[in-house]
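J.: Take a look at query.tsv, TSV, C-alpha atoms:
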```tsv
chain	number	residue	atom	x	y	z
D	1	MET	CA	72.34	-46.67	13.83
D	2	LYS	CA	74.41	-49.83	14.16
D	3	LEU	CA	77.38	-49.57	16.50
D	4	GLN	CA	80.61	-51.10	15.32
D	5	CYS	CA	82.86	-52.64	17.91
D	6	PHE	CA	86.54	-51.88	17.75
D	7	SER	CA	88.82	-54.88	17.64
D	8	MET	CA	92.54	-54.76	18.28
D	9	PRO	CA	94.67	-55.83	15.33
D	10	ASN	CA	96.02	-59.38	15.45
D	11	ALA	CA	99.79	-60.05	15.80
D	12	GLN	CA	100.45	-59.98	12.05
D	13	GLU	CA	98.45	-56.77	11.63
D	14	ILE	CA	100.33	-55.19	14.56
D	15	ASP	CA	103.70	-56.00	12.95
D	16	SER	CA	102.53	-54.44	9.69
D	17	LEU	CA	101.08	-51.47	11.56
D	18	ILE	CA	104.33	-50.88	13.48
D	19	ASN	CA	106.31	-50.89	10.23
D	20	PHE	CA	103.76	-48.61	8.58
D	21	CYS	CA	103.86	-46.14	11.49
D	22	LYS	CA	107.67	-46.13	11.49
D	23	THR	CA	107.66	-45.37	7.76
D	24	MET	CA	105.09	-42.58	8.17
D	25	ALA	CA	107.06	-41.08	11.07
D	26	GLU	CA	110.18	-40.89	8.89
D	27	SER	CA	108.38	-38.35	6.72
D	28	SER	CA	109.06	-34.72	7.58
D	29	PHE	CA	105.29	-34.22	7.89
D	30	TYR	CA	104.90	-36.69	10.79
D	31	ARG	CA	108.39	-36.89	12.33
D	32	GLN	CA	107.49	-34.76	15.33
D	33	MET	CA	104.69	-37.11	16.48
D	34	GLY	CA	106.82	-40.23	16.00
D	35	PRO	CA	105.64	-43.78	15.30
D	36	GLY	CA	103.68	-43.96	18.56
D	37	GLY	CA	101.74	-40.80	17.74
D	38	VAL	CA	100.99	-42.04	14.23
D	39	MET	CA	99.77	-45.34	15.68
D	40	ALA	CA	97.62	-43.62	18.31
D	41	ILE	CA	95.93	-41.57	15.60
D	42	TYR	CA	95.52	-44.64	13.35
D	43	LEU	CA	93.89	-46.70	16.10
D	44	THR	CA	91.63	-43.81	17.18
D	45	ALA	CA	90.56	-43.20	13.58
D	46	LYS	CA	89.83	-46.91	13.15
D	47	GLU	CA	87.88	-47.04	16.39
D	48	HIS	CA	85.66	-44.14	15.25
D	49	ASN	CA	85.44	-45.32	11.62
D	50	LEU	CA	87.13	-42.15	10.35
D	51	PRO	CA	89.43	-41.68	7.35
D	52	PHE	CA	92.99	-42.15	8.59
D	53	MET	CA	94.75	-39.56	6.41
D	54	ALA	CA	92.17	-36.88	7.25
D	55	CYS	CA	92.75	-37.66	10.91
D	56	LEU	CA	96.54	-37.70	10.54
D	57	ASN	CA	96.56	-34.42	8.63
D	58	GLY	CA	94.88	-32.35	11.32
D	59	GLY	CA	91.61	-34.08	12.15
D	60	LEU	CA	93.09	-35.66	15.26
D	61	HIS	CA	95.99	-34.46	17.39
D	62	THR	CA	98.14	-35.97	20.08
D	63	TYR	CA	98.29	-33.56	22.98
D	64	ASN	CA	99.53	-34.18	26.52
D	65	GLY	CA	99.61	-37.92	25.87
D	66	LYS	CA	96.04	-38.08	24.55
D	67	VAL	CA	94.45	-38.16	21.13
D	68	THR	CA	92.02	-35.27	20.72
D	69	PHE	CA	89.61	-34.26	17.96
D	70	SER	CA	90.17	-30.96	16.17
D	71	ALA	CA	87.31	-28.48	15.99
D	72	ILE	CA	87.17	-29.01	12.23
D	73	MET	CA	86.80	-32.79	12.67
D	74	ILE	CA	84.09	-32.34	15.29
D	75	ASP	CA	82.20	-29.99	12.96
D	76	ALA	CA	82.56	-32.48	10.08
D	77	LEU	CA	81.15	-35.28	12.27
D	78	ILE	CA	78.22	-33.07	13.31
D	79	LEU	CA	77.43	-32.31	9.66
D	80	LYS	CA	77.86	-35.98	8.64
D	81	ALA	CA	75.29	-36.94	11.29
D	82	GLY	CA	72.75	-34.60	9.65
D	83	HIS	CA	72.98	-31.73	12.12
D	84	THR	CA	74.09	-28.18	11.41
D	85	THR	CA	76.25	-25.56	13.06
D	86	GLU	CA	76.22	-21.85	12.49
D	87	VAL	CA	78.99	-19.59	13.75
D	88	LEU	CA	77.19	-16.52	15.06
D	89	GLN	CA	80.27	-14.67	16.28
D	90	LEU	CA	83.97	-15.47	16.10
D	91	ASP	CA	86.79	-13.13	16.98
D	92	GLU	CA	89.65	-13.00	19.48
D	93	ARG	CA	87.25	-12.42	22.42
D	94	VAL	CA	84.28	-14.72	21.82
D	95	CYS	CA	83.03	-17.70	19.83
D	96	ARG	CA	79.27	-18.22	19.65
D	97	ILE	CA	77.82	-21.16	17.74
D	98	ARG	CA	74.24	-22.33	17.15
D	99	PHE	CA	73.71	-26.09	16.93
D	100	VAL	CA	70.60	-27.48	15.20
D	101	ARG	CA	69.78	-31.17	15.46
D	102	GLY	CA	68.77	-32.54	12.08
D	103	ASP	CA	66.28	-34.94	13.62
D	104	ARG	CA	64.40	-32.18	15.46
D	105	LYS	CA	64.44	-29.14	13.20
D	106	ASN	CA	60.80	-29.74	12.10
D	107	ASP	CA	59.58	-30.00	15.69
D	108	PRO	CA	57.75	-26.72	16.49
D	109	ASN	CA	58.84	-26.99	20.16
D	110	TYR	CA	62.49	-27.55	19.38
D	111	LYS	CA	64.90	-24.73	20.14
D	112	PRO	CA	68.46	-24.85	18.76
D	113	PHE	CA	71.28	-24.83	21.28
D	114	GLU	CA	73.59	-21.81	21.35
D	115	PHE	CA	77.00	-22.13	22.95
D	116	GLU	CA	79.38	-19.32	23.78
D	117	TYR	CA	83.02	-19.55	24.82
D	118	THR	CA	84.88	-16.38	25.76
D	119	ILE	CA	88.46	-15.36	26.32
D	120	GLU	CA	87.49	-14.70	29.95
D	121	LYS	CA	86.39	-18.32	30.37
D	122	ALA	CA	89.66	-19.47	28.79
D	123	GLN	CA	91.56	-17.21	31.22
D	124	LYS	CA	89.65	-18.65	34.19
D	125	ALA	CA	90.49	-22.19	32.97
D	126	GLY	CA	94.19	-21.28	32.81
D	127	TYR	CA	94.56	-21.68	29.04
D	128	LEU	CA	95.91	-18.24	28.13
D	129	SER	CA	99.41	-19.01	29.38
D	130	LYS	CA	99.76	-21.66	26.66
D	131	ASP	CA	101.63	-20.68	23.50
D	132	ILE	CA	98.86	-21.76	21.09
D	133	TRP	CA	96.34	-19.54	22.92
D	134	LYS	CA	98.71	-16.58	22.69
D	135	LYS	CA	99.29	-17.11	18.95
D	136	SER	CA	95.79	-18.13	17.83
D	137	PRO	CA	93.10	-17.12	20.33
D	138	GLN	CA	90.36	-17.02	17.71
D	139	ASP	CA	91.12	-20.55	16.49
D	140	MET	CA	91.32	-21.82	20.06
D	141	LEU	CA	88.00	-20.26	21.04
D	142	TYR	CA	86.43	-22.04	18.07
```
What does this structure look like when you write it as structure tokens?

T.:
Amino acid sequence: MKLQCFSMPNAQEIDSLINFCKTMAESSFYRQMGPGGVMAIYLTAKEHNLPFMACLNGGLHTYNGKVTFSAIMIDALILKAGHTTEVLQLDERVCRIRFVRGDRKNDPNYKPFEFEYTIEKAQKAGYLSKDIWKKSPQDMLY
């Protein structure tokens, strides 16, 4: 796999990008994140060679001053790389997922990785006081 290096836009591209982000942020869909949030998502998408609109429309989020990947985007990237995921259990108490590497599934010694995240672990980490965890615990566990 060939790695692509990220390069910052030149001055002319930055001017165009600033105007573009301002225009996008005027839309009711993106007003809350503002031009800076739109630009952060654009630059992160570019750096990772991801489709900008998919990233802007939920694939990436700005949260606490950082750009983060949504669970759906992470799953899409896993599948794109030739690996698979299988949700074994998902409810408001537990999320258990099996990960199978595409490059090792024919190896007789290979064992898929199973990961489990529980509401108790989220409580211990201090997440349950956050509004999104109160409203959507199942989504957040995923």

J.: Determine, counting all atoms listed in the file, which protein, DNA and RNA residues have an atom within 12 Å of an atom of segment 17-29 of chain D; residues of the same chain fewer than 2 positions away are not included. Present the result as a ChimeraX atom specification.

T.: /D:8-15,31-43,52-53,56-58

J.: Suppose you want the space between atom CA of Gln138 of chain D and atom CA of Arg93 of chain D; what is it in Å?

T.: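 Straight-line distance from atom CA of Gln138 of chain D to atom CA of Arg93 of chain D works out to 7.3 Å.
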
J.: Could you check which of D:Trp133, D:Gly102, D:Glu116, D:Leu60 is closest to Ile74 of chain D, using all atoms listed in the file?

T.: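 Nearest candidate to Ile74 of chain D out of D:Trp133, D:Gly102, D:Glu116, D:Leu60: D:Leu60.
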
J.: Can you work out which one of D:Tyr30, D:Leu79, D:Cys95, D:Pro108 has the shortest atom-to-atom distance to Asp139 of chain D, counting only C-alpha atoms?

T.: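 Among the listed residues, D:Cys95 lies closest to Asp139 of chain D.
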
J.: Hey, which of D:Gln89, D:Pro137, D:Gly82, D:Thr44 ends up closest to Arg101 of chain D? Count all atoms listed in the file.

T.: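 With all atoms listed in the file as the atom set, the closest residue is D:Gly82.
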
J.: Just how far from atom CA of Glu92 of chain D is atom CA of Tyr117 of chain D, in Å to one decimal?

T.: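 One can read the atom CA of Tyr117 of chain D to atom CA of Glu92 of chain D distance as 10.7 Å.
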
J.: Take atom CA of Gly126 of chain D and atom CA of Glu86 of chain D and report the distance between them in Å, one decimal.

T.: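 About the pair atom CA of Gly126 of chain D and atom CA of Glu86 of chain D: they are 27.1 Å apart.
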
J.: Let me make sure I understand: among D:Arg96, D:Asp103, D:Ile132, D:Thr84, which one has the smallest atom-to-atom distance to Phe115 of chain D if we use only C-alpha atoms?

T.: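 Closest residue, counting only C-alpha atoms: D:Arg96.
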
J.: For a quick check of understanding, using all atoms listed in the file, which of D:Val94, D:Val100, D:Ile72, D:Ala54 has the smallest distance to Ala122 of chain D?

T.: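 Using all atoms listed in the file, Ala122 of chain D sits closest to D:Val94.
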
J.: As AutoDock Vina command-line options, please: the centre and edge lengths in Å, to one decimal, of an axis-aligned box enclosing every listed atom of segment 84-102 of chain D with 3 Å added on each side.

T.:
```
--center_x 79.2 --center_y -22.5 --center_z 16.9 --size_x 26.9 --size_y 26.1 --size_z 17.0
```

J.: Just want the 12 Å neighbourhood of Ser136 of chain D, counted on only C-alpha atoms, with same-chain residues fewer than 5 positions away dropped. Output as a PyMOL selection string.

T.: chain D and resi 91-93+119+127-128+130-131+141-142

J.: Go ahead and write the residues just picked, C-alpha atoms, as a PDB file, keeping the file's coordinate frame.

T.:
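Below is the file that was written, part32.pdb:
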```
ATOM      1  CA  ASP D  91      86.790 -13.130  16.980  1.00  0.00           C
ATOM      2  CA  GLU D  92      89.650 -13.000  19.480  1.00  0.00           C
ATOM      3  CA  ARG D  93      87.250 -12.420  22.420  1.00  0.00           C
ATOM      4  CA  ILE D 119      88.460 -15.360  26.320  1.00  0.00           C
ATOM      5  CA  TYR D 127      94.560 -21.680  29.040  1.00  0.00           C
ATOM      6  CA  LEU D 128      95.910 -18.240  28.130  1.00  0.00           C
ATOM      7  CA  LYS D 130      99.760 -21.660  26.660  1.00  0.00           C
ATOM      8  CA  ASP D 131     101.630 -20.680  23.500  1.00  0.00           C
ATOM      9  CA  LEU D 141      88.000 -20.260  21.040  1.00  0.00           C
ATOM     10  CA  TYR D 142      86.430 -22.040  18.070  1.00  0.00           C
TER      11      TYR D 142
END
```

J.: Choose the residue, out of D:Gln123, D:Lys80, D:Lys134, D:Met140, that has the smallest atom-to-atom separation from Leu50 of chain D; count only C-alpha atoms.

T.: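 Smallest distance to Leu50 of chain D is found for D:Lys80.
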
J.: Please complete segment 24-35 of chain D so it has all heavy atoms, and hand it over as a PDB file, in the coordinates of the input.

T.:
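Resulting contents of out.pdb:
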```
ATOM      1  N   MET D  24     105.780 -43.879   8.184  1.00  0.00           N
ATOM      2  CA  MET D  24     105.090 -42.580   8.170  1.00  0.00           C
ATOM      3  C   MET D  24     105.848 -41.560   9.006  1.00  0.00           C
ATOM      4  O   MET D  24     105.982 -40.404   8.621  1.00  0.00           O
ATOM      5  CB  MET D  24     103.652 -42.730   8.695  1.00  0.00           C
ATOM      6  CG  MET D  24     102.732 -43.540   7.807  1.00  0.00           C
ATOM      7  SD  MET D  24     102.431 -42.794   6.196  1.00  0.00           S
ATOM      8  CE  MET D  24     101.335 -41.477   6.633  1.00  0.00           C
ATOM      9  N   ALA D  25     106.369 -41.992  10.162  1.00  0.00           N
ATOM     10  CA  ALA D  25     107.060 -41.080  11.070  1.00  0.00           C
ATOM     11  C   ALA D  25     108.416 -40.633  10.532  1.00  0.00           C
ATOM     12  O   ALA D  25     108.973 -39.646  11.008  1.00  0.00           O
ATOM     13  CB  ALA D  25     107.226 -41.730  12.443  1.00  0.00           C
ATOM     14  N   GLU D  26     108.931 -41.318   9.523  1.00  0.00           N
ATOM     15  CA  GLU D  26     110.180 -40.890   8.890  1.00  0.00           C
ATOM     16  C   GLU D  26     109.957 -39.689   7.980  1.00  0.00           C
ATOM     17  O   GLU D  26     110.890 -38.963   7.661  1.00  0.00           O
ATOM     18  CB  GLU D  26     110.806 -42.042   8.107  1.00  0.00           C
ATOM     19  CG  GLU D  26     111.374 -43.133   8.998  1.00  0.00           C
ATOM     20  CD  GLU D  26     111.836 -44.355   8.212  1.00  0.00           C
ATOM     21  OE1 GLU D  26     111.770 -44.342   6.956  1.00  0.00           O
ATOM     22  OE2 GLU D  26     112.245 -45.324   8.861  1.00  0.00           O
ATOM     23  N   SER D  27     108.723 -39.482   7.572  1.00  0.00           N
ATOM     24  CA  SER D  27     108.380 -38.350   6.720  1.00  0.00           C
ATOM     25  C   SER D  27     108.497 -37.062   7.530  1.00  0.00           C
ATOM     26  O   SER D  27     108.165 -37.019   8.714  1.00  0.00           O
ATOM     27  CB  SER D  27     106.948 -38.511   6.208  1.00  0.00           C
ATOM     28  OG  SER D  27     106.452 -37.291   5.736  1.00  0.00           O
ATOM     29  N   SER D  28     108.935 -36.005   6.880  1.00  0.00           N
ATOM     30  CA  SER D  28     109.060 -34.720   7.580  1.00  0.00           C
ATOM     31  C   SER D  28     107.710 -34.221   8.099  1.00  0.00           C
ATOM     32  O   SER D  28     107.654 -33.479   9.066  1.00  0.00           O
ATOM     33  CB  SER D  28     109.694 -33.677   6.662  1.00  0.00           C
ATOM     34  OG  SER D  28     108.889 -33.497   5.508  1.00  0.00           O
ATOM     35  N   PHE D  29     106.619 -34.654   7.470  1.00  0.00           N
ATOM     36  CA  PHE D  29     105.290 -34.220   7.890  1.00  0.00           C
ATOM     37  C   PHE D  29     104.919 -34.762   9.272  1.00  0.00           C
ATOM     38  O   PHE D  29     104.210 -34.120  10.031  1.00  0.00           O
ATOM     39  CB  PHE D  29     104.206 -34.674   6.903  1.00  0.00           C
ATOM     40  CG  PHE D  29     104.388 -34.152   5.516  1.00  0.00           C
ATOM     41  CD1 PHE D  29     104.606 -35.026   4.470  1.00  0.00           C
ATOM     42  CD2 PHE D  29     104.343 -32.790   5.250  1.00  0.00           C
ATOM     43  CE1 PHE D  29     104.778 -34.548   3.175  1.00  0.00           C
ATOM     44  CE2 PHE D  29     104.513 -32.308   3.962  1.00  0.00           C
ATOM     45  CZ  PHE D  29     104.730 -33.192   2.927  1.00  0.00           C
ATOM     46  N   TYR D  30     105.365 -35.989   9.587  1.00  0.00           N
ATOM     47  CA  TYR D  30     104.900 -36.690  10.790  1.00  0.00           C
ATOM     48  C   TYR D  30     106.020 -37.026  11.763  1.00  0.00           C
ATOM     49  O   TYR D  30     105.781 -37.673  12.767  1.00  0.00           O
ATOM     50  CB  TYR D  30     104.154 -37.958  10.389  1.00  0.00           C
ATOM     51  CG  TYR D  30     103.159 -37.719   9.295  1.00  0.00           C
ATOM     52  CD1 TYR D  30     103.296 -38.311   8.049  1.00  0.00           C
ATOM     53  CD2 TYR D  30     102.085 -36.842   9.482  1.00  0.00           C
ATOM     54  CE1 TYR D  30     102.392 -38.057   7.033  1.00  0.00           C
ATOM     55  CE2 TYR D  30     101.178 -36.584   8.475  1.00  0.00           C
ATOM     56  CZ  TYR D  30     101.330 -37.198   7.248  1.00  0.00           C
ATOM     57  OH  TYR D  30     100.440 -36.943   6.253  1.00  0.00           O
ATOM     58  N   ARG D  31     107.227 -36.559  11.499  1.00  0.00           N
ATOM     59  CA  ARG D  31     108.390 -36.890  12.330  1.00  0.00           C
ATOM     60  C   ARG D  31     108.196 -36.453  13.780  1.00  0.00           C
ATOM     61  O   ARG D  31     108.552 -37.171  14.702  1.00  0.00           O
ATOM     62  CB  ARG D  31     109.643 -36.245  11.745  1.00  0.00           C
ATOM     63  CG  ARG D  31     110.941 -36.720  12.377  1.00  0.00           C
ATOM     64  CD  ARG D  31     112.160 -36.215  11.619  1.00  0.00           C
ATOM     65  NE  ARG D  31     112.197 -36.818  10.290  1.00  0.00           N
ATOM     66  CZ  ARG D  31     112.384 -36.134   9.155  1.00  0.00           C
ATOM     67  NH1 ARG D  31     112.583 -34.836   9.186  1.00  0.00           N
ATOM     68  NH2 ARG D  31     112.382 -36.751   7.997  1.00  0.00           N
ATOM     69  N   GLN D  32     107.629 -35.286  13.984  1.00  0.00           N
ATOM     70  CA  GLN D  32     107.490 -34.760  15.330  1.00  0.00           C
ATOM     71  C   GLN D  32     106.608 -35.652  16.214  1.00  0.00           C
ATOM     72  O   GLN D  32     106.869 -35.798  17.400  1.00  0.00           O
ATOM     73  CB  GLN D  32     106.920 -33.343  15.295  1.00  0.00           C
ATOM     74  CG  GLN D  32     106.873 -32.686  16.653  1.00  0.00           C
ATOM     75  CD  GLN D  32     106.417 -31.238  16.589  1.00  0.00           C
ATOM     76  OE1 GLN D  32     106.050 -30.739  15.534  1.00  0.00           O
ATOM     77  NE2 GLN D  32     106.441 -30.556  17.703  1.00  0.00           N
ATOM     78  N   MET D  33     105.569 -36.264  15.651  1.00  0.00           N
ATOM     79  CA  MET D  33     104.690 -37.110  16.480  1.00  0.00           C
ATOM     80  C   MET D  33     105.259 -38.502  16.687  1.00  0.00           C
ATOM     81  O   MET D  33     104.870 -39.184  17.622  1.00  0.00           O
ATOM     82  CB  MET D  33     103.280 -37.158  15.914  1.00  0.00           C
ATOM     83  CG  MET D  33     103.100 -37.932  14.642  1.00  0.00           C
ATOM     84  SD  MET D  33     101.373 -38.051  14.113  1.00  0.00           S
ATOM     85  CE  MET D  33     100.973 -36.370  13.780  1.00  0.00           C
ATOM     86  N   GLY D  34     106.191 -38.933  15.831  1.00  0.00           N
ATOM     87  CA  GLY D  34     106.820 -40.230  16.000  1.00  0.00           C
ATOM     88  C   GLY D  34     105.893 -41.390  15.685  1.00  0.00           C
ATOM     89  O   GLY D  34     104.686 -41.209  15.505  1.00  0.00           O
ATOM     90  N   PRO D  35     106.456 -42.602  15.627  1.00  0.00           N
ATOM     91  CA  PRO D  35     105.640 -43.780  15.300  1.00  0.00           C
ATOM     92  C   PRO D  35     104.496 -44.009  16.283  1.00  0.00           C
ATOM     93  O   PRO D  35     103.396 -44.397  15.879  1.00  0.00           O
ATOM     94  CB  PRO D  35     106.640 -44.937  15.364  1.00  0.00           C
ATOM     95  CG  PRO D  35     107.983 -44.331  15.234  1.00  0.00           C
ATOM     96  CD  PRO D  35     107.869 -42.936  15.775  1.00  0.00           C
TER      97      PRO D  35
END
```
